[in-house]
file run38.cif (mmCIF, C-alpha atoms)
data_run
#
loop_
_atom_site.label_atom_id
_atom_site.label_comp_id
_atom_site.auth_asym_id
_atom_site.auth_seq_id
_atom_site.Cartn_x
_atom_site.Cartn_y
_atom_site.Cartn_z
CA PRO P 1 0.00 0.00 0.00
CA GLU P 2 2.96 2.39 0.31
CA LEU P 3 3.91 1.91 -3.34
CA PRO P 4 2.31 4.15 -5.99
CA PRO P 5 0.57 2.64 -9.02
CA HIS P 6 2.98 1.67 -11.79
CA ARG P 7 1.61 4.38 -14.08
CA TYR P 8 2.81 7.01 -11.58
CA ARG P 9 6.34 5.64 -11.12
CA GLN P 10 8.14 7.91 -13.56
CA ILE P 11 11.58 7.30 -12.12
CA GLY P 12 13.36 5.44 -14.91
CA PRO P 13 14.42 1.78 -14.79
CA GLY P 14 14.73 -0.20 -11.59
CA ASP P 15 12.65 -1.37 -8.65
CA PHE P 16 10.84 1.49 -6.87
CA ARG P 17 11.44 0.31 -3.32
CA GLU P 18 15.06 -0.62 -4.00
CA ARG P 19 15.68 2.78 -5.60
CA SER P 20 14.12 4.47 -2.55
CA THR P 21 16.48 2.58 -0.24
CA GLN P 22 19.53 3.40 -2.38
CA LEU P 23 18.77 7.11 -2.48
CA ALA P 24 18.09 7.25 1.25
CA ALA P 25 21.47 5.59 1.78
CA LEU P 26 23.11 8.21 -0.46
CA LEU P 27 21.71 10.97 1.76
CA SER P 28 22.84 9.23 4.95
CA LYS P 29 26.31 8.77 3.49
CA ASN P 30 26.48 12.52 2.91
CA GLY P 31 25.50 13.74 6.35
CA LEU P 32 21.80 13.14 6.93
CA VAL P 33 21.06 11.86 10.44
CA PRO P 34 17.78 10.49 11.83
CA GLU P 35 16.99 13.64 13.85
CA HIS P 36 17.25 16.04 10.92
CA ARG P 37 14.50 18.27 9.58
CA VAL P 38 14.66 17.32 5.90
CA LEU P 39 13.49 19.10 2.74
CA ASP P 40 12.97 17.20 -0.52
CA ILE P 41 13.13 19.68 -3.43
CA GLY P 42 11.09 17.99 -6.14
CA CYS P 43 9.69 15.04 -4.20
CA GLY P 44 7.74 13.53 -7.11
CA ILE P 45 5.75 10.46 -6.22
CA GLY P 46 7.69 9.85 -3.00
CA ARG P 47 10.66 8.07 -4.50
CA VAL P 48 13.01 9.16 -1.71
CA ALA P 49 10.39 9.77 0.95
CA LEU P 50 9.55 6.08 1.11
CA GLY P 51 13.18 5.18 1.84
CA LEU P 52 13.45 7.88 4.51
CA THR P 53 10.46 6.55 6.46
CA SER P 54 12.81 3.91 7.88
CA VAL P 55 15.70 6.38 8.41
CA LEU P 56 14.23 9.42 10.16
CA SER P 57 13.50 9.12 13.89
CA PRO P 58 10.45 10.56 15.69
CA LYS P 59 12.60 13.64 16.34
CA GLY P 60 13.17 14.11 12.60
CA SER P 61 10.75 15.38 9.99
CA TYR P 62 10.32 15.45 6.23
CA ASP P 63 8.80 18.04 3.92
CA GLY P 64 8.65 17.64 0.17
CA PHE P 65 7.26 19.76 -2.64
CA ASP P 66 6.71 19.13 -6.32
CA VAL P 67 5.18 20.71 -9.41
CA ASP P 68 3.11 17.57 -10.12
CA ALA P 69 -0.15 18.03 -8.20
CA ARG P 70 -1.19 14.44 -8.88
CA ALA P 71 1.99 13.08 -7.26
CA VAL P 72 1.65 15.37 -4.25
CA ARG P 73 -1.96 14.31 -3.79
CA TRP P 74 -1.04 10.62 -3.91
CA CYS P 75 1.74 11.06 -1.33
CA THR P 76 -0.52 13.09 0.97
CA GLU P 77 -3.27 10.48 0.80
CA ASN P 78 -1.08 7.39 1.08
CA LEU P 79 2.17 8.23 2.89
CA THR P 80 1.24 10.98 5.35
CA PRO P 81 -1.47 8.94 7.14
CA ARG P 82 1.12 6.20 7.85
CA HIS P 83 3.94 8.66 8.59
CA PRO P 84 2.46 11.88 10.01
CA ARG P 85 5.83 13.68 10.14
CA PHE P 86 6.04 13.39 6.34
CA ARG P 87 4.29 16.31 4.62
CA PHE P 88 3.89 17.12 0.93
CA THR P 89 3.14 20.45 -0.77
CA HIS P 90 2.24 21.34 -4.33
CA ALA P 91 4.57 23.91 -5.92
CA ASN P 92 2.71 26.28 -8.23
CA VAL P 93 5.58 26.49 -10.72
CA LEU P 94 5.18 26.99 -14.45
CA THR P 95 6.00 23.82 -16.40
CA ILE P 96 5.10 22.71 -19.91
CA ARG P 97 4.09 19.29 -18.65
CA HIS P 98 2.26 19.97 -15.39
CA ASN P 99 1.19 23.59 -14.97
CA HIS P 100 0.77 26.27 -17.62
CA ASN P 101 -0.35 28.97 -15.16
CA GLY P 102 2.28 28.78 -12.44
CA VAL P 103 5.09 31.06 -11.31
CA PRO P 104 8.26 30.91 -13.46
CA ALA P 105 10.83 28.69 -11.77
CA GLU P 106 13.38 31.51 -11.73
CA GLU P 107 10.97 33.52 -9.51
CA TYR P 108 9.69 30.72 -7.28
CA ARG P 109 10.06 31.08 -3.51
CA PHE P 110 10.05 27.84 -1.52
CA PRO P 111 6.97 27.73 0.77
CA TYR P 112 9.01 27.50 4.00
CA ASP P 113 10.44 29.91 6.56
CA ASP P 114 14.11 30.87 6.76
CA ALA P 115 16.41 28.37 8.51
CA SER P 116 13.69 25.69 8.69
CA PHE P 117 15.78 22.65 7.74
CA ASP P 118 18.96 20.81 8.65
CA PHE P 119 19.30 18.94 5.35
CA ALA P 120 17.91 19.71 1.88
CA PHE P 121 18.28 17.63 -1.24
CA ALA P 122 17.21 17.57 -4.89
CA THR P 123 17.48 14.40 -6.98
CA SER P 124 17.01 14.79 -10.75
CA VAL P 125 15.74 18.36 -10.37
CA PHE P 126 18.71 20.47 -11.42
CA THR P 127 19.11 18.16 -14.43
CA HIS P 128 15.95 19.88 -15.76
CA LEU P 129 16.49 23.51 -14.68
CA GLU P 130 18.23 26.03 -16.90
CA MET P 131 20.70 28.37 -15.26
CA PRO P 132 18.37 31.22 -14.15
CA ALA P 133 15.99 28.77 -12.46
CA ALA P 134 18.86 26.73 -11.00
CA LEU P 135 20.39 29.85 -9.45
CA GLN P 136 17.05 30.70 -7.82
CA TYR P 137 16.60 27.18 -6.45
CA PHE P 138 20.11 27.18 -4.98
CA ARG P 139 19.43 30.58 -3.39
CA GLU P 140 16.17 29.32 -1.92
CA ALA P 141 17.84 26.16 -0.61
CA HIS P 142 20.36 28.39 1.14
CA ARG P 143 17.60 30.53 2.64
CA VAL P 144 15.60 27.66 4.15
CA LEU P 145 18.64 25.82 5.57
CA ARG P 146 19.92 26.65 9.03
CA PRO P 147 23.56 27.79 9.30
CA GLY P 148 25.64 24.66 8.95
CA GLY P 149 22.83 22.84 7.14
CA ILE P 150 23.70 20.51 4.28
CA LEU P 151 22.54 20.62 0.65
CA LEU P 152 22.84 17.65 -1.72
CA ALA P 153 21.93 17.94 -5.41
CA THR P 154 22.36 15.48 -8.25
CA VAL P 155 23.43 17.14 -11.51
CA PHE P 156 25.06 16.59 -14.87
CA LEU P 157 28.43 18.38 -14.79
CA PHE P 158 29.93 18.70 -18.25
CA ASP P 159 33.73 18.74 -18.33
CA GLY P 160 34.29 18.00 -22.02
CA THR P 161 34.61 14.23 -21.59
CA PRO P 162 32.95 12.38 -24.52
CA SER P 163 29.65 10.87 -23.40
CA LYS P 164 26.83 8.80 -24.82
CA LEU P 165 24.45 11.36 -23.34
CA GLU P 166 24.92 14.42 -25.53
CA PHE P 167 23.90 18.00 -24.76
CA PRO P 168 24.24 19.65 -28.19
CA VAL P 169 22.69 23.07 -27.47
CA ASP P 170 25.42 25.29 -26.04
CA ARG P 171 24.33 28.12 -23.70
CA GLY P 172 27.83 28.94 -22.48
CA ASP P 173 27.78 27.92 -18.81
CA TYR P 174 25.31 25.10 -19.46
CA ARG P 175 24.15 22.82 -22.26
CA LEU P 176 20.74 21.43 -23.25
CA ARG P 177 19.41 18.27 -24.78
CA GLU P 178 16.90 18.86 -27.57
CA ALA P 179 14.14 16.95 -25.74
CA SER P 180 14.99 17.60 -22.10
CA GLY P 181 17.92 17.71 -19.74
CA VAL P 182 20.48 20.26 -18.60
CA ALA P 183 24.21 19.82 -18.05
CA PHE P 184 26.15 22.57 -16.29
CA ALA P 185 29.73 23.39 -17.14
CA GLU P 186 31.97 22.35 -14.27
CA ALA P 187 33.30 25.91 -14.17
CA SER P 188 29.78 27.16 -13.33
CA VAL P 189 29.69 25.40 -9.95
CA GLY P 190 31.17 28.52 -8.35
CA ALA P 191 28.16 30.53 -9.53
CA LEU P 192 25.70 27.91 -8.30
CA LEU P 193 27.41 27.53 -4.92
CA PRO P 194 29.27 30.82 -4.27
CA GLU P 195 31.94 30.65 -1.58
CA ASP P 196 30.48 33.54 0.40
CA LEU P 197 27.30 31.48 0.97
CA TRP P 198 28.55 27.89 1.04
CA THR P 199 31.47 25.95 2.44
CA ASP P 200 32.75 22.36 2.23
CA MET P 201 31.63 22.08 -1.39
CA ARG P 202 32.34 18.65 -2.87
CA ILE P 203 31.78 17.02 -6.27
CA GLN P 204 31.25 13.27 -6.42
CA ARG P 205 31.45 12.04 -9.99
CA GLY P 206 28.76 9.70 -11.27
CA GLY P 207 29.05 7.26 -14.14
CA TRP P 208 26.84 8.93 -16.73
CA GLN P 209 29.74 10.22 -18.86
CA ARG P 210 31.36 6.77 -18.94
CA GLY P 211 28.43 5.15 -20.68
CA GLY P 212 26.51 3.97 -17.64
CA THR P 213 22.75 4.07 -17.39
CA PHE P 214 21.56 7.65 -17.04
CA SER P 215 19.57 7.26 -13.84
CA VAL P 216 19.73 9.48 -10.78
CA LEU P 217 22.17 6.99 -9.27
CA THR P 218 24.76 7.72 -11.98
CA GLN P 219 24.42 11.50 -11.94
CA ASP P 220 27.12 13.65 -10.38
CA VAL P 221 26.50 14.68 -6.77
CA LEU P 222 27.12 18.16 -5.37
CA THR P 223 27.20 18.68 -1.62
CA ALA P 224 27.82 21.85 0.36
CA ARG P 225 27.20 23.32 3.81
CA LYS P 226 25.54 26.66 4.43
CA ARG P 227 27.84 29.24 6.00
#
call {"tool": "encode", "arguments": {"input": "run38.cif", "output": "structure tokens"}}
result
Amino acid sequence: PELPPHRYRQIGPGDFRERSTQLAALLSKNGLVPEHRVLDIGCGIGRVALGLTSVLSPKGSYDGFDVDARAVRWCTENLTPRHPRFRFTHANVLTIRHNHNGVPAEEYRFPYDDASFDFAFATSVFTHLEMPAALQYFREAHRVLRPGGILLATVFLFDGTPSKLEFPVDRGDYRLREASGVAFAEASVGALLPEDLWTDMRIQRGGWQRGGTFSVLTQDVLTARKR
């Protein structure tokens, strides 16, 4: 009963529950602890939330938001009743697929107070945001984290290495796929995570440029701590 219908599981190949566990483990490996107040930026159909239900303690909490109202509704109706400290919010953001009347992503303000969270993460979100929107989302993540709070984001970082996943449209500090997908130039990380706002920035290379499957588990991982 905690698993969404197959038609909603738009997460790429792999078992939904196994993927949830793997992503929760990735967060724990990078500093998440059971007592944290956690924000999921782009929670989707609860792909990571499900894995975190067995990680977060009663002292911890989870909030997630997403542009897909259908996914948020399913999570609210099926996960929150079993796990009351897990809450889901619809983000009224303009998207071609989900919402033609929302706020442009580059203007969107996260619906949370300043310094509300200990740990924030975004899996397969910045791989779909062009630079102006990505800059806004990084700024908002900084705002809602407490000082010393941790941010983790999966991204495509383009360093010129030949890859089976091509981004042919060149925008200078980032590249686009014709259908969907954004890869940031590695040199642009300093703009996304400026040193006056973030410390302990780290890049963990995924396998997407070496011909691996292009799932969230093979994307590059950025982590940083709010100053």
call {"tool": "resolve_selection", "arguments": {"input": "run38.cif", "expression": "the PyMOL selection byres ((chain P and resi 130-138) around 7)", "output": "mmCIF file with C-alpha atoms, keeping the file's coordinate frame"}}
result
data_model
loop_
_atom_site.group_PDB
_atom_site.id
_atom_site.type_symbol
_atom_site.label_atom_id
_atom_site.label_comp_id
_atom_site.auth_asym_id
_atom_site.auth_seq_id
_atom_site.Cartn_x
_atom_site.Cartn_y
_atom_site.Cartn_z
ATOM 1 C CA ALA P 105 10.830 28.690 -11.770
ATOM 2 C CA GLU P 106 13.380 31.510 -11.730
ATOM 3 C CA GLU P 107 10.970 33.520 -9.510
ATOM 4 C CA PHE P 126 18.710 20.470 -11.420
ATOM 5 C CA HIS P 128 15.950 19.880 -15.760
ATOM 6 C CA LEU P 129 16.490 23.510 -14.680
ATOM 7 C CA ARG P 139 19.430 30.580 -3.390
ATOM 8 C CA GLU P 140 16.170 29.320 -1.920
ATOM 9 C CA ALA P 141 17.840 26.160 -0.610
ATOM 10 C CA HIS P 142 20.360 28.390 1.140
ATOM 11 C CA VAL P 182 20.480 20.260 -18.600
ATOM 12 C CA LEU P 192 25.700 27.910 -8.300
#
call {"tool": "resolve_selection", "arguments": {"input": "run38.cif", "expression": "the PyMOL selection byres ((chain P and resi 45) around 8)", "output": "ChimeraX atom specification"}}
result
/P:4,8-9,43-44,46-47,71-72,74-75
call {"tool": "residues_around", "arguments": {"input": "run38.cif", "residues": "stretch 28-30 of chain P", "least_positions_apart": "4", "cutoff": "10 Å", "atoms": "only C-alpha atoms", "output": "PyMOL selection string"}}
result
chain P and resi 22-24+34+52+55+119+150-152+221+223-224
call {"tool": "resolve_selection", "arguments": {"input": "run38.cif", "expression": "the PyMOL selection byres ((chain P and resi 175) around 10)", "output": "count of residues only"}}
result
22
call {"tool": "atom_distance", "arguments": {"input": "run38.cif", "atom1": "atom CA of P:Asn92", "atom2": "atom CA of P:Asp68"}}
result
8.9 Å
call {"tool": "atom_distance", "arguments": {"input": "run38.cif", "atom1": "atom CA of P:Pro104", "atom2": "atom CA of P:Ser180"}}
result
17.2 Å
call {"tool": "closest_residue", "arguments": {"input": "run38.cif", "among": "P:Leu165, P:Leu27, P:Leu3, P:Ala153", "to": "P:Asn78", "atoms": "all atoms listed in the file"}}
result
P:Leu3
call {"tool": "residues_around", "arguments": {"input": "run38.cif", "residues": "P:Phe86", "least_positions_apart": "4", "cutoff": "12 Å", "atoms": "all atoms listed in the file", "output": "ChimeraX atom specification"}}
result
/P:37-40,43,46,48-54,56-65,72,75-82
call {"tool": "closest_residue", "arguments": {"input": "run38.cif", "among": "P:Ala187, P:Arg85, P:Val216, P:Trp198", "to": "P:Gly14", "atoms": "all atoms listed in the file"}}
result
P:Val216
call {"tool": "atom_distance", "arguments": {"input": "run38.cif", "atom1": "atom CA of P:Glu35", "atom2": "atom CA of P:Pro84"}}
result
15.1 Å
call {"tool": "closest_residue", "arguments": {"input": "run38.cif", "among": "P:Thr127, P:Ser188, P:Thr199, P:Asn101", "to": "P:Gly149", "atoms": "all atoms listed in the file"}}
result
P:Thr199
call {"tool": "residues_around", "arguments": {"input": "run38.cif", "residues": "P:Asp114", "least_positions_apart": "3", "cutoff": "7 Å", "atoms": "only C-alpha atoms", "output": "ChimeraX atom specification"}}
result
/P:143-145
call {"tool": "closest_residue", "arguments": {"input": "run38.cif", "among": "P:Val189, P:Gly42, P:Phe16, P:Phe121", "to": "P:Val93", "atoms": "all atoms listed in the file"}}
result
P:Gly42
